[in-house]
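**Student:** Provided herewith: target-v7.cif, mmCIF, C-alpha atoms.
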data_input
#
loop_
_atom_site.label_atom_id
_atom_site.label_comp_id
_atom_site.auth_asym_id
_atom_site.auth_seq_id
_atom_site.Cartn_x
_atom_site.Cartn_y
_atom_site.Cartn_z
CA MET A 1 0.00 0.00 0.00
CA THR A 2 1.50 3.23 -1.10
CA GLU A 3 1.63 6.20 1.20
CA LYS A 4 -0.68 9.03 0.15
CA ALA A 5 1.00 12.36 -0.54
CA TYR A 6 -0.37 15.27 1.45
CA PRO A 7 0.32 18.96 0.90
CA LYS A 8 3.08 20.47 2.99
CA PRO A 9 1.86 22.37 6.04
CA LYS A 10 1.91 26.13 5.81
CA THR A 11 4.13 26.38 8.89
CA GLN A 12 6.90 24.59 7.00
CA GLY A 13 6.67 27.10 4.19
CA ARG A 14 6.74 30.01 6.64
CA SER A 15 9.79 28.66 8.45
CA LYS A 16 11.57 28.25 5.10
CA TRP A 17 10.76 31.86 4.19
CA LEU A 18 11.89 33.13 7.60
CA ARG A 19 15.11 31.14 7.31
CA SER A 20 15.74 32.69 3.90
CA LEU A 21 15.03 36.14 5.38
CA ARG A 22 17.54 35.52 8.16
CA ASN A 23 20.27 34.10 5.90
CA ASP A 24 19.92 36.80 3.24
CA SER A 25 19.15 39.69 5.58
CA SER A 26 21.87 41.89 4.07
CA LEU A 27 20.36 41.48 0.59
CA PHE A 28 16.88 42.33 1.87
CA LEU A 29 18.23 45.43 3.59
CA LEU A 30 19.99 46.44 0.40
CA ALA A 31 16.72 46.18 -1.55
CA LEU A 32 14.63 47.87 1.15
CA PRO A 33 15.17 51.53 0.03
CA GLY A 34 14.19 50.66 -3.53
CA VAL A 35 11.10 48.78 -2.38
CA ILE A 36 10.04 51.70 -0.16
CA ALA A 37 10.56 54.17 -3.02
CA LEU A 38 8.55 51.92 -5.33
CA ILE A 39 5.66 51.77 -2.87
CA LEU A 40 5.69 55.52 -2.19
CA PHE A 41 6.04 56.74 -5.77
CA ALA A 42 4.47 53.92 -7.83
CA TYR A 43 1.79 52.15 -5.81
CA LEU A 44 0.41 54.71 -3.37
CA PRO A 45 -0.24 57.28 -6.15
CA MET A 46 -2.53 54.70 -7.77
CA SER A 47 -5.19 55.83 -5.33
CA GLY A 48 -5.41 58.94 -7.51
CA LEU A 49 -6.93 56.84 -10.29
CA ILE A 50 -10.28 57.77 -8.80
CA LEU A 51 -9.71 61.12 -10.52
CA VAL A 52 -10.33 59.35 -13.85
CA PHE A 53 -14.00 58.93 -12.95
CA LYS A 54 -14.45 62.39 -11.39
CA ASN A 55 -15.41 65.77 -12.77
CA TYR A 56 -12.52 67.43 -10.98
CA ASN A 57 -12.76 70.91 -9.52
CA PHE A 58 -10.41 72.72 -7.17
CA ASN A 59 -13.04 73.32 -4.50
CA GLY A 60 -13.94 69.67 -4.00
CA GLY A 61 -10.52 68.20 -4.64
CA ILE A 62 -9.98 64.62 -5.77
CA PHE A 63 -12.40 62.93 -3.38
CA GLY A 64 -14.95 65.77 -3.11
CA SER A 65 -15.50 66.36 -6.83
CA PRO A 66 -18.68 64.92 -8.40
CA TRP A 67 -18.60 61.60 -10.22
CA ALA A 68 -18.36 61.73 -14.01
CA GLY A 69 -18.38 58.03 -14.93
CA PHE A 70 -16.63 57.46 -18.25
CA ASP A 71 -17.16 61.00 -19.52
CA ASN A 72 -13.43 61.73 -19.32
CA PHE A 73 -12.80 59.05 -21.95
CA ASP A 74 -15.51 60.34 -24.26
CA PHE A 75 -13.66 63.50 -25.28
CA PHE A 76 -10.61 61.53 -26.46
CA PHE A 77 -12.43 58.74 -28.25
CA SER A 78 -15.29 60.87 -29.60
CA SER A 79 -12.82 62.53 -31.97
CA MET A 80 -11.44 59.29 -33.38
CA ASP A 81 -9.30 61.03 -35.99
CA SER A 82 -7.32 62.86 -33.31
CA ALA A 83 -7.14 59.78 -31.09
CA ILE A 84 -5.92 57.55 -33.91
CA ARG A 85 -3.39 60.15 -35.07
CA ALA A 86 -2.01 60.65 -31.56
CA THR A 87 -1.76 56.90 -30.95
CA ARG A 88 -0.19 56.29 -34.37
CA ASN A 89 2.41 59.02 -33.92
CA THR A 90 3.30 57.84 -30.41
CA VAL A 91 3.80 54.22 -31.46
CA MET A 92 5.60 55.15 -34.68
CA LEU A 93 8.11 57.48 -33.03
CA ASN A 94 8.79 55.12 -30.12
CA VAL A 95 9.35 52.16 -32.44
CA LEU A 96 11.80 54.23 -34.49
CA TYR A 97 13.56 55.40 -31.33
CA MET A 98 13.76 51.83 -30.04
CA LEU A 99 15.07 50.27 -33.25
CA THR A 100 17.63 52.93 -34.13
CA GLY A 101 18.67 53.50 -30.51
CA THR A 102 19.27 49.79 -29.91
CA PHE A 103 21.18 49.40 -33.17
CA PHE A 104 23.56 52.30 -32.55
CA SER A 105 23.96 51.48 -28.84
CA VAL A 106 24.96 47.90 -29.63
CA ALA A 107 27.25 49.04 -32.44
CA LEU A 108 29.02 51.53 -30.16
CA ALA A 109 29.34 48.94 -27.38
CA ILE A 110 30.92 46.44 -29.77
CA ALA A 111 33.27 49.12 -31.09
CA LEU A 112 34.36 49.96 -27.54
CA ASN A 113 34.84 46.29 -26.78
CA GLU A 114 37.17 45.94 -29.76
CA LEU A 115 39.42 48.77 -28.61
CA ARG A 116 42.54 47.97 -26.64
CA SER A 117 43.55 51.38 -25.27
CA LYS A 118 41.94 51.73 -21.83
CA GLY A 119 42.61 55.46 -21.68
CA TYR A 120 40.96 56.05 -25.04
CA ILE A 121 37.96 53.94 -23.97
CA LYS A 122 37.44 56.06 -20.83
CA ILE A 123 37.59 59.30 -22.81
CA THR A 124 35.22 57.93 -25.43
CA GLN A 125 32.74 56.76 -22.81
CA SER A 126 32.67 60.21 -21.20
CA VAL A 127 32.15 61.94 -24.55
CA MET A 128 29.33 59.55 -25.56
CA PHE A 129 27.63 59.80 -22.16
CA PHE A 130 27.67 63.61 -22.00
CA PRO A 131 24.66 64.27 -24.36
CA TYR A 132 22.44 62.20 -22.07
CA PHE A 133 22.56 64.99 -19.48
CA ILE A 134 21.71 67.83 -21.88
CA SER A 135 18.09 68.97 -21.66
CA TRP A 136 15.84 68.90 -24.69
CA ILE A 137 15.42 72.68 -24.45
CA VAL A 138 19.14 73.15 -25.10
CA ILE A 139 19.09 70.54 -27.87
CA GLY A 140 16.10 72.31 -29.45
CA ALA A 141 18.02 75.59 -29.48
CA ILE A 142 21.01 73.89 -31.10
CA LEU A 143 18.80 72.29 -33.75
CA PHE A 144 17.11 75.61 -34.47
CA SER A 145 20.49 77.24 -35.13
CA LEU A 146 21.28 74.38 -37.51
CA LEU A 147 17.92 74.04 -39.29
CA ASP A 148 16.51 77.57 -39.37
CA PHE A 149 15.33 78.40 -42.89
CA GLU A 150 16.97 81.81 -43.14
CA LYS A 151 20.06 81.59 -40.93
CA GLY A 152 20.51 77.87 -40.29
CA ILE A 153 23.96 76.40 -40.87
CA VAL A 154 22.56 73.39 -42.77
CA ASN A 155 20.70 75.55 -45.29
CA ARG A 156 23.74 77.77 -45.78
CA MET A 157 25.76 74.62 -46.58
CA LEU A 158 23.06 73.45 -49.01
CA GLU A 159 23.13 76.80 -50.77
CA GLY A 160 26.92 76.61 -50.90
CA ILE A 161 26.75 73.43 -52.99
CA GLY A 162 24.03 74.79 -55.26
CA MET A 163 20.94 73.24 -53.60
CA GLN A 164 17.75 74.91 -52.45
CA PRO A 165 17.30 75.54 -48.72
CA ILE A 166 14.78 73.35 -46.88
CA ASP A 167 12.17 74.65 -44.48
CA TRP A 168 12.60 71.81 -41.99
CA TYR A 169 9.94 73.13 -39.62
CA ALA A 170 7.28 73.00 -42.35
CA HIS A 171 7.73 69.35 -43.42
CA PRO A 172 6.19 67.01 -40.79
CA TRP A 173 7.48 63.72 -42.20
CA LEU A 174 10.93 65.12 -42.89
CA PHE A 175 11.14 66.31 -39.29
CA VAL A 176 10.65 62.71 -38.10
CA VAL A 177 14.20 62.08 -39.34
CA VAL A 178 15.40 65.04 -37.27
CA LEU A 179 13.71 63.66 -34.14
CA VAL A 180 15.19 60.20 -34.67
CA LEU A 181 18.70 61.59 -35.21
CA ALA A 182 18.37 63.82 -32.14
CA ASN A 183 17.28 60.84 -30.04
CA ILE A 184 20.21 58.76 -31.28
CA TRP A 185 22.68 61.54 -30.44
CA LYS A 186 21.25 61.95 -26.96
CA SER A 187 20.63 58.36 -25.86
CA ALA A 188 22.84 56.02 -27.90
CA GLY A 189 25.89 56.69 -25.71
CA HIS A 190 23.94 55.91 -22.55
CA GLY A 191 22.73 52.61 -23.99
CA ALA A 192 26.21 51.77 -25.24
CA ILE A 193 27.62 52.04 -21.71
CA ILE A 194 25.05 49.50 -20.50
CA TYR A 195 25.84 47.00 -23.24
CA TYR A 196 29.58 47.56 -22.85
CA ALA A 197 29.27 46.74 -19.14
CA VAL A 198 27.57 43.46 -20.12
CA LEU A 199 30.45 42.61 -22.45
CA GLN A 200 32.94 43.13 -19.65
CA GLY A 201 31.42 40.13 -17.89
CA VAL A 202 31.95 37.78 -20.83
CA ASP A 203 34.56 35.09 -20.21
CA THR A 204 37.61 35.94 -22.34
CA SER A 205 38.38 32.24 -22.77
CA TYR A 206 35.62 32.12 -25.42
CA TYR A 207 37.52 34.61 -27.57
CA GLU A 208 40.87 32.91 -26.95
CA ALA A 209 39.50 29.51 -27.98
CA ALA A 210 37.92 31.00 -31.10
CA ARG A 211 41.17 32.73 -32.08
CA ILE A 212 43.05 29.45 -31.71
CA ASP A 213 40.51 27.87 -34.09
CA GLY A 214 41.26 30.63 -36.61
CA ALA A 215 38.19 32.82 -36.18
CA SER A 216 38.38 36.30 -37.70
CA ARG A 217 37.44 39.46 -35.81
CA TRP A 218 34.10 39.61 -37.61
CA GLN A 219 33.38 36.00 -36.62
CA LEU A 220 34.23 36.81 -33.00
CA ILE A 221 31.66 39.62 -33.09
CA THR A 222 28.89 37.64 -34.81
CA LYS A 223 29.42 34.30 -33.07
CA ILE A 224 30.34 35.39 -29.53
CA THR A 225 29.77 39.10 -28.82
CA LEU A 226 26.29 39.49 -30.35
CA PRO A 227 24.86 36.24 -28.88
CA MET A 228 26.10 37.35 -25.46
CA LEU A 229 24.26 40.66 -25.87
CA ILE A 230 20.94 39.22 -27.05
CA PRO A 231 19.49 38.52 -23.54
CA SER A 232 20.26 42.10 -22.47
CA ILE A 233 18.83 43.48 -25.71
CA ILE A 234 15.60 41.53 -25.16
CA LEU A 235 15.36 42.63 -21.52
CA LEU A 236 15.87 46.33 -22.27
CA THR A 237 13.49 46.13 -25.23
CA LEU A 238 10.77 44.61 -23.05
CA LEU A 239 11.24 47.38 -20.51
CA SER A 240 11.02 50.00 -23.28
CA ILE A 241 7.86 48.50 -24.76
CA GLY A 242 6.00 49.19 -21.51
CA GLY A 243 6.38 52.92 -22.14
CA MET A 244 5.71 52.83 -25.87
CA LEU A 245 2.53 54.85 -25.51
CA LYS A 246 4.19 57.38 -23.23
CA GLY A 247 5.87 59.90 -25.49
CA ASP A 248 8.51 62.34 -24.36
CA LEU A 249 6.60 65.61 -24.00
CA SER A 250 9.73 67.57 -23.08
CA MET A 251 11.42 66.36 -26.25
CA ILE A 252 8.57 67.44 -28.54
CA MET A 253 8.16 70.78 -26.78
CA GLY A 254 11.89 71.50 -26.72
CA VAL A 255 12.66 70.47 -30.30
CA THR A 256 9.50 71.42 -32.22
CA PHE A 257 8.25 74.29 -30.01
CA LEU A 258 4.77 72.73 -30.59
CA ASN A 259 4.86 74.05 -34.15
CA PRO A 260 1.34 73.45 -35.57
CA LEU A 261 2.81 72.64 -38.99
CA LEU A 262 4.56 69.59 -37.50
CA LEU A 263 1.56 68.23 -35.58
CA PRO A 264 0.65 65.62 -38.26
CA THR A 265 3.67 63.59 -37.07
CA THR A 266 4.55 65.09 -33.68
CA ASP A 267 1.10 65.23 -32.08
CA ILE A 268 1.72 62.30 -29.73
CA ILE A 269 -0.69 61.42 -26.93
CA ASP A 270 1.17 63.48 -24.33
CA VAL A 271 1.16 66.53 -26.61
CA PHE A 272 -2.54 66.04 -27.35
CA VAL A 273 -3.31 65.85 -23.63
CA TYR A 274 -1.19 68.94 -22.93
CA ARG A 275 -2.86 70.98 -25.67
CA THR A 276 -6.43 69.99 -24.90
CA ALA A 277 -6.48 69.22 -21.18
CA ILE A 278 -3.58 70.59 -19.15
CA ARG A 279 -3.88 74.11 -20.54
CA SER A 280 -7.59 74.20 -19.65
CA GLY A 281 -7.21 72.45 -16.28
CA GLU A 282 -9.05 69.25 -17.30
CA PHE A 283 -7.09 66.98 -14.97
CA GLY A 284 -9.71 64.24 -15.05
CA PHE A 285 -9.35 63.94 -18.81
CA ALA A 286 -5.56 63.94 -18.55
CA SER A 287 -5.70 61.16 -15.92
CA ALA A 288 -8.04 59.11 -18.11
CA ILE A 289 -5.60 59.22 -21.02
CA THR A 290 -2.75 58.30 -18.68
CA LEU A 291 -4.72 55.23 -17.57
CA TYR A 292 -5.33 54.38 -21.23
CA GLN A 293 -1.57 54.60 -21.88
CA SER A 294 -0.76 52.40 -18.89
CA VAL A 295 -3.28 49.68 -19.77
CA PHE A 296 -2.19 49.64 -23.41
CA GLY A 297 1.46 49.53 -22.32
CA LEU A 298 0.73 46.57 -20.03
CA LEU A 299 -0.87 44.68 -22.91
CA LEU A 300 2.15 45.39 -25.12
CA VAL A 301 4.53 44.13 -22.42
CA LEU A 302 2.51 40.92 -21.99
CA ILE A 303 2.51 40.27 -25.74
CA ALA A 304 6.21 41.07 -26.15
CA ASN A 305 7.10 38.95 -23.13
CA LYS A 306 5.22 36.02 -24.66
CA LEU A 307 7.05 36.45 -27.96
CA ALA A 308 10.39 36.64 -26.15
CA GLY A 309 9.52 33.40 -24.35
CA TRP A 310 8.99 31.66 -27.68
CA TYR A 311 12.46 32.77 -28.79
CA ASP A 312 14.25 32.02 -25.52
CA ARG A 313 12.50 30.92 -22.35
CA ASP A 314 15.22 32.42 -20.13
CA SER A 315 14.89 35.83 -21.80
CA LYS A 316 11.36 36.47 -20.53
CA LEU A 317 10.90 39.42 -18.22
CA PHE A 318 8.54 37.36 -16.08
CA SER A 319 6.89 33.96 -16.36
CA GLY A 320 3.51 32.64 -15.39
CA GLY A 321 2.50 29.16 -14.41
CA ASN A 322 3.89 27.56 -11.29
CA ALA A 323 4.75 30.40 -8.95
CA SER A 324 6.77 30.30 -5.78
CA TRP A 325 5.14 32.12 -2.90
CA PRO A 326 6.65 33.22 0.41
CA PHE A 327 4.65 30.48 2.16
CA GLY A 328 5.81 27.65 -0.05
CA LYS A 329 5.06 26.35 -3.50
CA ILE A 330 1.44 25.67 -4.33
CA GLU A 331 0.99 21.99 -4.95
CA ARG A 332 -2.03 19.99 -5.96
CA CYS A 333 -3.07 16.97 -3.92
#
What is this structure when it is put down as structure tokens?
**Tutor:**
Amino acid sequence: MTEKAYPKPKTQGRSKWLRSLRNDSSLFLLALPGVIALILFAYLPMSGLILVFKNYNFNGGIFGSPWAGFDNFDFFFSSMDSAIRATRNTVMLNVLYMLTGTFFSVALAIALNELRSKGYIKITQSVMFFPYFISWIVIGAILFSLLDFEKGIVNRMLEGIGMQPIDWYAHPWLFVVVLVLANIWKSAGHGAIIYYAVLQGVDTSYYEAARIDGASRWQLITKITLPMLIPSIILLTLLSIGGMLKGDLSMIMGVTFLNPLLLPTTDIIDVFVYRTAIRSGEFGFASAITLYQSVFGLLLVLIANKLAGWYDRDSKLFSGGNASWPFGKIERC
């Protein structure tokens, strides 16, 4: 007669969790400030979501304002042309930023990894990282001095070689290229530092063994360096996808000055909310669109995480199924 298996008592699971807490107490203390900050600035503010369903006024405040139901969503979705345009522009620009930014960041990281002069690498890292700290207002002023129709340096160079000047601020689709190039200049160096740090953890014996087998430098890059970077690329891409519907308002304001001629391609959701809600004090409407962005972003992360799991199970940002809980693993009798 076989012995029947019974589920483990909860006390055993608790003692295991307490033992882990005691053995890894230093790690828990190290994570505690980040957890507290996450609760204070990410979870507690979620109570303000009630504003989405309120007709907000300053006298009543968040909890004293009258209920509005789903009226705050009606204004955005009633004008479907504006809603579709804002969503399309936000997704389009963020996809372009993600693809080009990842490509140039990885390329720069590989180039740094191939260098042998440590001093030159440090100088190069500092130079590449510097644009990340420049505000978009300053970058917008620099671009205006370059692209201005009458006095811009670029148009003066075009005239010098016999070409007609271009009114960059009057061509919406042409200005998308400007935005993408500006984003690459500002963020590619920051991403390259992250990928370069990953490459520093790669075991050099892989390269030495490949060189002994006669591998060329290009083969070292394609067969060792790139495969080692793929998990990090997938992870950072998944994290970026979550904010795909959250455009950079400061970037659009600083670079385009909210030029109405450029709105066909630069009127992202954040800009639309700023123009139609923030200026008029419609905070309930602004909160409703923020909720829409968050929910849509969550769906994109879930889909992308599933696709990443099909490519490589270990590259998923999170996994479902059998979960381990603080009080022991859930088992079926």
**Student:** Given the file shown, enumerate the residues that the PyMOL selection byres ((chain A and resi 250-260) around 9) captures and present them as a list in words.
**Tutor:**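 Matching residues under the PyMOL selection byres ((chain A and resi 250-260) around 9) are Ser135, Trp136, Ile137, Val138, Ile139, Gly140, Ala141, Leu143, Phe144, Tyr169, Ala170, Phe175, Leu179, Ala182, Asn183, Gly247, Asp248, Leu249, Leu261, Leu262, Leu263, Pro264, Thr266, Asp267, Ile268 and Val271 of chain A.
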**Student:** When you look at Ser145 in chain A with a cut-off of 12 Å (counting only C-alpha atoms), what residues show up, excluding the ones that are within fewer than 6 positions of it in the same chain? I need them as a list in words.
**Tutor:**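 Within the cut-off, the hits are Val138, Ile139, Lys151, Gly152, Ile153, Val154, Asn155, Arg156, Trp168 and Val255 of chain A.
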**Student:** Restricting the calculation to only C-alpha atoms, which member of A:Ala288, A:Leu21, A:Ala83, A:Ile166 is positioned closest to Leu146 in chain A?
**Tutor:**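 So, comparing all the options, the nearest one is A:Ile166.
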**Student:** Residue by residue, what does the PyMOL selection byres ((chain A and resi 87-97) around 10) grab here? Present the result as an MDAnalysis selection string.
**Tutor:** chainID A and resid 81:86 98:103 176:177 179:184 187:188 240:241 243:248 263:272 293
**Student:** Can those selected residues be exported to a file as a tab-separated table (two decimals), keeping the file's coordinate frame so that it contains C-alpha atoms?
**Tutor:**
chain	number	residue	atom	x	y	z
A	81	ASP	CA	-9.30	61.03	-35.99
A	82	SER	CA	-7.32	62.86	-33.31
A	83	ALA	CA	-7.14	59.78	-31.09
A	84	ILE	CA	-5.92	57.55	-33.91
A	85	ARG	CA	-3.39	60.15	-35.07
A	86	ALA	CA	-2.01	60.65	-31.56
A	98	MET	CA	13.76	51.83	-30.04
A	99	LEU	CA	15.07	50.27	-33.25
A	100	THR	CA	17.63	52.93	-34.13
A	101	GLY	CA	18.67	53.50	-30.51
A	102	THR	CA	19.27	49.79	-29.91
A	103	PHE	CA	21.18	49.40	-33.17
A	176	VAL	CA	10.65	62.71	-38.10
A	177	VAL	CA	14.20	62.08	-39.34
A	179	LEU	CA	13.71	63.66	-34.14
A	180	VAL	CA	15.19	60.20	-34.67
A	181	LEU	CA	18.70	61.59	-35.21
A	182	ALA	CA	18.37	63.82	-32.14
A	183	ASN	CA	17.28	60.84	-30.04
A	184	ILE	CA	20.21	58.76	-31.28
A	187	SER	CA	20.63	58.36	-25.86
A	188	ALA	CA	22.84	56.02	-27.90
A	240	SER	CA	11.02	50.00	-23.28
A	241	ILE	CA	7.86	48.50	-24.76
A	243	GLY	CA	6.38	52.92	-22.14
A	244	MET	CA	5.71	52.83	-25.87
A	245	LEU	CA	2.53	54.85	-25.51
A	246	LYS	CA	4.19	57.38	-23.23
A	247	GLY	CA	5.87	59.90	-25.49
A	248	ASP	CA	8.51	62.34	-24.36
A	263	LEU	CA	1.56	68.23	-35.58
A	264	PRO	CA	0.65	65.62	-38.26
A	265	THR	CA	3.67	63.59	-37.07
A	266	THR	CA	4.55	65.09	-33.68
A	267	ASP	CA	1.10	65.23	-32.08
A	268	ILE	CA	1.72	62.30	-29.73
A	269	ILE	CA	-0.69	61.42	-26.93
A	270	ASP	CA	1.17	63.48	-24.33
A	271	VAL	CA	1.16	66.53	-26.61
A	272	PHE	CA	-2.54	66.04	-27.35
A	293	GLN	CA	-1.57	54.60	-21.88
**Student:** Please evaluate the PyMOL selection byres ((chain A and resi 62) around 12) against the structure above and give the resulting residues as a compact mmCIF listing (two decimals) with C-alpha atoms, in the coordinates of the input.
**Tutor:**
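Wrote it out as out33.txt, contents follow:
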# COMPACT_ATOMS: atom_id res chain seq x y z
CA SER A 47 -5.19 55.83 -5.33
CA GLY A 48 -5.41 58.94 -7.51
CA LEU A 49 -6.93 56.84 -10.29
CA ILE A 50 -10.28 57.77 -8.80
CA LEU A 51 -9.71 61.12 -10.52
CA VAL A 52 -10.33 59.35 -13.85
CA PHE A 53 -14.00 58.93 -12.95
CA LYS A 54 -14.45 62.39 -11.39
CA ASN A 55 -15.41 65.77 -12.77
CA TYR A 56 -12.52 67.43 -10.98
CA ASN A 57 -12.76 70.91 -9.52
CA PHE A 58 -10.41 72.72 -7.17
CA ASN A 59 -13.04 73.32 -4.50
CA GLY A 60 -13.94 69.67 -4.00
CA GLY A 61 -10.52 68.20 -4.64
CA PHE A 63 -12.40 62.93 -3.38
CA GLY A 64 -14.95 65.77 -3.11
CA SER A 65 -15.50 66.36 -6.83
CA PRO A 66 -18.68 64.92 -8.40
CA TRP A 67 -18.60 61.60 -10.22
CA PHE A 283 -7.09 66.98 -14.97
CA GLY A 284 -9.71 64.24 -15.05
CA SER A 287 -5.70 61.16 -15.92
**Student:** Please indicate the distance in Å from CA of Ala31 in chain A to CA of Val106 in chain A, rounded to one decimal place.
**Tutor:** 29.3 Å
**Student:** Between A:Pro231, A:Leu317, A:Ser78, A:Lys122, which has the minimum distance to Leu199 in chain A (counting all atoms listed in the file)?
**Tutor:**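 Nearest to Leu199 in chain A: A:Pro231.
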**Student:** Of the candidates A:Ile123, A:Ile234, A:Leu226, A:Leu30, which shows the shortest atom-to-atom distance to Asp312 in chain A, using all atoms listed in the file?
**Tutor:** A:Ile234
**Student:** Could you state the separation of CA of Pro227 in chain A and CA of Tyr195 in chain A in Å, given to one decimal place?
**Tutor:**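 Separation of CA of Pro227 in chain A and CA of Tyr195 in chain A: 12.2 Å.
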**Student:** How many Å lie between CA of Tyr120 in chain A and CA of Gln219 in chain A, rounded to one decimal?
**Tutor:** 24.4 Å
**Student:** Restricting the calculation to only C-alpha atoms, which member of A:Ile39, A:Leu307, A:Ile278, A:Leu147 is positioned closest to Val178 in chain A?
**Tutor:**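 Of all the options, A:Leu147 lies closest to Val178 in chain A.
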**Student:** Which residues, protein or nucleic acid, reach to within 12 Å of (38.6, 44.9, -31.5) in the file's coordinates when using all atoms listed in the file, and can you give that as a list in words?
**Tutor:**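 The residues that fall inside the cut-off are Leu108, Ala109, Ile110, Ala111, Leu112, Asn113, Glu114, Leu115, Arg116, Ser117, Ile121, Tyr207, Ser216, Arg217, Trp218, Gln219, Leu220, Ile221 and Thr225 of chain A.
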**Student:** I'd like to know which of A:Leu238, A:Ala42, A:Lys186, A:Lys316 is closest to Phe133 in chain A, using all atoms listed in the file.
**Tutor:**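 Comparing A:Leu238, A:Ala42, A:Lys186, A:Lys316 against Phe133 in chain A, the winner is A:Lys186.
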**Student:** Take the structure in the block and write a file for range 23-50 of chain A, C-alpha atoms, as a PDB file, in the first residue's frame.
**Tutor:**
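decode-v8.pdb, freshly written:
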ATOM      1  CA  ASN A  23      20.271  34.096   5.902  1.00  0.00           C
ATOM      2  CA  ASP A  24      19.924  36.798   3.244  1.00  0.00           C
ATOM      3  CA  SER A  25      19.152  39.689   5.582  1.00  0.00           C
ATOM      4  CA  SER A  26      21.872  41.886   4.065  1.00  0.00           C
ATOM      5  CA  LEU A  27      20.356  41.484   0.588  1.00  0.00           C
ATOM      6  CA  PHE A  28      16.880  42.328   1.867  1.00  0.00           C
ATOM      7  CA  LEU A  29      18.229  45.433   3.595  1.00  0.00           C
ATOM      8  CA  LEU A  30      19.988  46.439   0.396  1.00  0.00           C
ATOM      9  CA  ALA A  31      16.717  46.177  -1.547  1.00  0.00           C
ATOM     10  CA  LEU A  32      14.627  47.866   1.154  1.00  0.00           C
ATOM     11  CA  PRO A  33      15.174  51.527   0.027  1.00  0.00           C
ATOM     12  CA  GLY A  34      14.194  50.661  -3.531  1.00  0.00           C
ATOM     13  CA  VAL A  35      11.101  48.779  -2.376  1.00  0.00           C
ATOM     14  CA  ILE A  36      10.042  51.696  -0.160  1.00  0.00           C
ATOM     15  CA  ALA A  37      10.559  54.171  -3.019  1.00  0.00           C
ATOM     16  CA  LEU A  38       8.545  51.916  -5.330  1.00  0.00           C
ATOM     17  CA  ILE A  39       5.656  51.773  -2.868  1.00  0.00           C
ATOM     18  CA  LEU A  40       5.692  55.519  -2.194  1.00  0.00           C
ATOM     19  CA  PHE A  41       6.041  56.736  -5.772  1.00  0.00           C
ATOM     20  CA  ALA A  42       4.469  53.921  -7.827  1.00  0.00           C
ATOM     21  CA  TYR A  43       1.791  52.151  -5.812  1.00  0.00           C
ATOM     22  CA  LEU A  44       0.415  54.715  -3.368  1.00  0.00           C
ATOM     23  CA  PRO A  45      -0.239  57.275  -6.151  1.00  0.00           C
ATOM     24  CA  MET A  46      -2.528  54.699  -7.773  1.00  0.00           C
ATOM     25  CA  SER A  47      -5.189  55.833  -5.331  1.00  0.00           C
ATOM     26  CA  GLY A  48      -5.407  58.944  -7.508  1.00  0.00           C
ATOM     27  CA  LEU A  49      -6.932  56.837 -10.294  1.00  0.00           C
ATOM     28  CA  ILE A  50     -10.284  57.772  -8.803  1.00  0.00           C
TER      29      ILE A  50
END
